[in-house]
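**Q** The following block contains the structure, expressed as structure tokens.
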Amino acid sequence: MMIDLINKLEKEHSLTADEYKYLIDNRNEEYASMLSEKAVDIRKKIYGNAVFIRGLIEISNICKNDCLYCGIRGGNKNCDRFRLTKEQILSCCENGYSLGFRTFVMQGGEDMYFSDDVMCDIISEIKTRYPDCAITLSLGERSYESYKKLFDAGADRYLLRHETADKAHYAKLHPDNLSFDKRMQCLENLKKIGFQTGCGFMVGSPFQTSEHLAKDLKFIEEFKPEMCGIGPFIPHKDTVFNNYTPGTVELTCYLLSIIRLISPSILLPATTALGSIDPVGREKGILAGANVVMPNLSPLDTRVKYSLYNNKLSSGAESAQGKAILEDKINSIGYRIVTDRGDYKRI
Ligand code: SAH
């Protein structure tokens, strides 16, 4: 049964939600390596041994939301807040460009300071200075009109994790004023506007079941995002989930392989969270089917303040300045880092 399902997934890039659940519930090492071999094979056909790098700039940890899992949630009084200026962001880009980055990802909490005017000004300035670079945004939920303005100003991609494709589960991870339907509508809007759109979720988030994960996989299959960010949930000391068990590298990698088989040309990062809970988590992610890494380009002093979860890595190979270390690690597993925009390949 398992082998039939794995073969079916490889051929048809689609399973029913029940079949995804079965695949998750009955996993073992043998099936995991079958899946990762197939995932790596299919990715090789499309992207060769290329790993794309993105320079991550954390522009603000000020947030009006209070997501229960997140260390920078508005209600966290212990969070030392910061916001980068336009000049600081541009100097991150300058630094990143000289290090070989051709995609800049601006991520932040939902900080009202970054209005459409402020963001559009920053985006067009980056695009004027670095016309060969792509800009990815990860700034949470905004209106259709706002997303459209950011797109028209030159932003190419937008990451907005759906967090969970199960409405009841969504409600357990978020305060009442945040809604599952709105999140999903935002994702639809981003796609409609023309962004390369990324969704994603945490693996092992509180109350998550294999049924929820099966729904996440079905959602990815149907929504057809160009990017998908998944990483283990890691508790943060100043949240109500402080004492909850973190997600595992094992399940994250298993799901990375499945997502690669669902969507062969998807841009799939080996996330910082994966690198943070295992010293070779990043490499394991790539060997399971991931093809993107996002080292940190933020100023050194604000990096530690962007604390989404305990012990989040932001130095060594997770830092843009550590690109040589990262390059060695990637080379040692038979891959190579490429210096280009690394756009989604439509096949
Ligand atoms: N405000 C933006 C960016 C959020 S931070 C937005 O809403 O999209 C980026 C991602 O970090 C989140 O989508 C979430 O999936 C992840 N994250 C937050 N807290 C985490 C935790 N405790 N463990 C692991 N990942 C976490």
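Starting from 1 in every chain, residues are counted up; chains themselves are A, B, ... following the order of the structure tokens, and ligands are numbered from 1 as listed.
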Dump the neighbourhood of ligand 1 as a ChimeraX atom specification: all residues within 8 Å, distances computed on only C-alpha atoms and all ligand atoms.
**A** /A:63,67,69-72,107-110,138-141,159-163,200-202,205,229-236,246,273,308-310
**Q** Please provide as a ChimeraX atom specification all residues within 12 Å of stretch 56-58 of chain A, with the sequence filter that same-chain residues fewer than 4 positions apart are discarded (counting only C-alpha atoms).
**A** /A:62,72,81-86,88-96,101-111,135-139,271-272,292-308,314,318-321
**Q** For stretch 39-45 of chain A, find every residue with an atom within 9 Å (counting only C-alpha atoms), except residues of its own chain fewer than 2 positions away, and show them as a ChimeraX atom specification.
**A** /A:10,34-37,47-50,256-261,264-266,286-291
**Q** Can I get the selection written as a PDB file, in the first residue's frame, with N, CA and C atoms?
**A**
ATOM      1  N   GLU A  10       4.359  10.031  -7.201  1.00  0.00           N
ATOM      2  CA  GLU A  10       5.418  10.372  -8.158  1.00  0.00           C
ATOM      3  C   GLU A  10       4.853  10.560  -9.569  1.00  0.00           C
ATOM      4  N   MET A  34      12.843   6.325   0.241  1.00  0.00           N
ATOM      5  CA  MET A  34      12.243   6.185  -1.110  1.00  0.00           C
ATOM      6  C   MET A  34      11.724   7.540  -1.596  1.00  0.00           C
ATOM      7  N   LEU A  35      11.005   8.213  -0.701  1.00  0.00           N
ATOM      8  CA  LEU A  35      10.429   9.514  -1.072  1.00  0.00           C
ATOM      9  C   LEU A  35      11.514  10.542  -1.368  1.00  0.00           C
ATOM     10  N   SER A  36      12.550  10.575  -0.523  1.00  0.00           N
ATOM     11  CA  SER A  36      13.570  11.602  -0.739  1.00  0.00           C
ATOM     12  C   SER A  36      14.360  11.317  -2.021  1.00  0.00           C
ATOM     13  N   GLU A  37      14.586  10.046  -2.334  1.00  0.00           N
ATOM     14  CA  GLU A  37      15.272   9.737  -3.605  1.00  0.00           C
ATOM     15  C   GLU A  37      14.471  10.224  -4.805  1.00  0.00           C
ATOM     16  N   TYR A  47      16.050  21.627 -11.831  1.00  0.00           N
ATOM     17  CA  TYR A  47      16.984  22.651 -11.352  1.00  0.00           C
ATOM     18  C   TYR A  47      18.437  22.165 -11.263  1.00  0.00           C
ATOM     19  N   GLY A  48      18.714  20.926 -11.751  1.00  0.00           N
ATOM     20  CA  GLY A  48      20.073  20.394 -11.630  1.00  0.00           C
ATOM     21  C   GLY A  48      20.482  20.315 -10.174  1.00  0.00           C
ATOM     22  N   ASN A  49      21.731  20.694  -9.885  1.00  0.00           N
ATOM     23  CA  ASN A  49      22.149  20.659  -8.474  1.00  0.00           C
ATOM     24  C   ASN A  49      22.232  22.074  -7.883  1.00  0.00           C
ATOM     25  N   ALA A  50      21.410  22.970  -8.454  1.00  0.00           N
ATOM     26  CA  ALA A  50      21.420  24.359  -7.990  1.00  0.00           C
ATOM     27  C   ALA A  50      20.678  24.522  -6.670  1.00  0.00           C
ATOM     28  N   LEU A 256       8.878  17.657   3.247  1.00  0.00           N
ATOM     29  CA  LEU A 256       9.573  18.351   2.150  1.00  0.00           C
ATOM     30  C   LEU A 256       9.607  17.453   0.904  1.00  0.00           C
ATOM     31  N   SER A 257       9.901  16.177   1.105  1.00  0.00           N
ATOM     32  CA  SER A 257       9.948  15.246  -0.028  1.00  0.00           C
ATOM     33  C   SER A 257       8.570  15.133  -0.683  1.00  0.00           C
ATOM     34  N   ILE A 258       7.541  15.014   0.133  1.00  0.00           N
ATOM     35  CA  ILE A 258       6.187  14.891  -0.422  1.00  0.00           C
ATOM     36  C   ILE A 258       5.813  16.161  -1.208  1.00  0.00           C
ATOM     37  N   ILE A 259       6.132  17.319  -0.640  1.00  0.00           N
ATOM     38  CA  ILE A 259       5.779  18.576  -1.320  1.00  0.00           C
ATOM     39  C   ILE A 259       6.530  18.684  -2.653  1.00  0.00           C
ATOM     40  N   ARG A 260       7.787  18.276  -2.671  1.00  0.00           N
ATOM     41  CA  ARG A 260       8.548  18.278  -3.929  1.00  0.00           C
ATOM     42  C   ARG A 260       7.870  17.397  -4.979  1.00  0.00           C
ATOM     43  N   LEU A 261       7.327  16.252  -4.541  1.00  0.00           N
ATOM     44  CA  LEU A 261       6.677  15.349  -5.497  1.00  0.00           C
ATOM     45  C   LEU A 261       5.308  15.876  -5.933  1.00  0.00           C
ATOM     46  N   PRO A 264       6.791  19.523  -8.585  1.00  0.00           N
ATOM     47  CA  PRO A 264       8.214  19.333  -8.885  1.00  0.00           C
ATOM     48  C   PRO A 264       9.041  20.614  -8.977  1.00  0.00           C
ATOM     49  N   SER A 265       8.466  21.718  -9.482  1.00  0.00           N
ATOM     50  CA  SER A 265       9.322  22.891  -9.652  1.00  0.00           C
ATOM     51  C   SER A 265       9.148  23.937  -8.551  1.00  0.00           C
ATOM     52  N   ILE A 266       8.511  23.560  -7.458  1.00  0.00           N
ATOM     53  CA  ILE A 266       8.284  24.517  -6.372  1.00  0.00           C
ATOM     54  C   ILE A 266       9.619  24.978  -5.771  1.00  0.00           C
ATOM     55  N   ILE A 286      17.855  19.878   2.220  1.00  0.00           N
ATOM     56  CA  ILE A 286      18.211  19.873   0.795  1.00  0.00           C
ATOM     57  C   ILE A 286      18.205  18.440   0.262  1.00  0.00           C
ATOM     58  N   LEU A 287      18.727  17.528   1.056  1.00  0.00           N
ATOM     59  CA  LEU A 287      18.763  16.130   0.616  1.00  0.00           C
ATOM     60  C   LEU A 287      17.367  15.495   0.595  1.00  0.00           C
ATOM     61  N   ALA A 288      16.403  16.157   1.225  1.00  0.00           N
ATOM     62  CA  ALA A 288      15.023  15.659   1.188  1.00  0.00           C
ATOM     63  C   ALA A 288      14.235  16.291   0.043  1.00  0.00           C
ATOM     64  N   GLY A 289      14.799  17.330  -0.599  1.00  0.00           N
ATOM     65  CA  GLY A 289      14.072  17.931  -1.724  1.00  0.00           C
ATOM     66  C   GLY A 289      14.002  19.446  -1.724  1.00  0.00           C
ATOM     67  N   ALA A 290      14.516  20.096  -0.692  1.00  0.00           N
ATOM     68  CA  ALA A 290      14.511  21.567  -0.670  1.00  0.00           C
ATOM     69  C   ALA A 290      15.555  22.104  -1.648  1.00  0.00           C
ATOM     70  N   ASN A 291      15.354  23.347  -2.118  1.00  0.00           N
ATOM     71  CA  ASN A 291      16.328  23.911  -3.067  1.00  0.00           C
ATOM     72  C   ASN A 291      16.592  25.408  -2.857  1.00  0.00           C
TER      73      ASN A 291
END
**Q** Enumerate as a VMD selection string all residues of stretch 122-155 of chain A assigned to alpha helix (DSSP H) by DSSP on the backbone, naming them with the chain letters and numbers the document uses.
**A** chain A and resid 122 to 129 144 to 152
**Q** Take the residues from that selection and put them in a file with C-alpha atoms, as a tab-separated table (two decimals), in the first residue's frame.
**A**
chain	number	residue	atom	x	y	z
A	122	ILE	CA	11.83	51.30	-0.57
A	123	ILE	CA	10.90	48.71	-3.22
A	124	SER	CA	11.37	51.08	-6.15
A	125	GLU	CA	14.65	52.34	-4.77
A	126	ILE	CA	16.00	48.78	-4.48
A	127	LYS	CA	14.76	47.99	-8.00
A	128	THR	CA	16.41	51.13	-9.40
A	129	ARG	CA	19.72	50.32	-7.79
A	144	TYR	CA	-5.85	43.66	-2.16
A	145	GLU	CA	-5.11	47.28	-3.07
A	146	SER	CA	-2.05	47.34	-0.86
A	147	TYR	CA	-0.64	44.12	-2.34
A	148	LYS	CA	-1.31	45.52	-5.82
A	149	LYS	CA	0.62	48.71	-5.06
A	150	LEU	CA	3.59	46.74	-3.74
A	151	PHE	CA	3.52	44.57	-6.86
A	152	ASP	CA	3.32	47.57	-9.16
**Q** Restricting the calculation to only C-alpha atoms: of A:Tyr22, A:Tyr344, A:Phe219, A:Tyr31, which residue gets closest to A:Ala165?
**A**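 Among the listed residues, A:Phe219 lies closest to A:Ala165.
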**Q** Restricting the calculation to only C-alpha atoms: of A:Arg341, A:Lys11, A:Arg157, A:Arg336, which residue gets closest to A:Gln196?
**A**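 Comparing A:Arg341, A:Lys11, A:Arg157, A:Arg336 against A:Gln196, the winner is A:Arg157.
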**Q** Report, in Å with one decimal, the straight-line distance from atom CA of A:Glu19 to atom CA of A:Arg346.
**A**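 So the answer is 26.7 Å.
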**Q** Taking into account only C-alpha atoms, which residue in the set A:Tyr335, A:Tyr170, A:Phe114, A:Tyr130 is nearest to A:Asp216?
**A**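 Nearest candidate to A:Asp216 out of A:Tyr335, A:Tyr170, A:Phe114, A:Tyr130: A:Tyr170.
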**Q** Name the residues in contact with stretch 210-213 of chain A at a cut-off of 9 Å, using only C-alpha atoms, excluding same-chain residues fewer than 6 positions from it; report them as a list in words.
**A**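 Everything that qualifies: Ala17, Asp18, Tyr20, Lys21, Tyr22, Ile24, Asp25, Thr164, Ala165, Asp166, His169, Val203 and Leu255 of chain A.
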**Q** So that I can check the secondary structure, give me every residue of stretch 176-345 of chain A assigned strand (DSSP E) by backbone DSSP, as a list in words.
**A**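 After running DSSP on the backbone, stretch 176-345 of chain A has strand (DSSP E) at Gln196, Thr197, Gly198, Cys199, Gly200, Phe201, Met202, Val203, Met227, Cys228, Gly229, Ile230, Gly231, Pro232, Val292, Val293, Arg336, Ile337 and Val338 of chain A.
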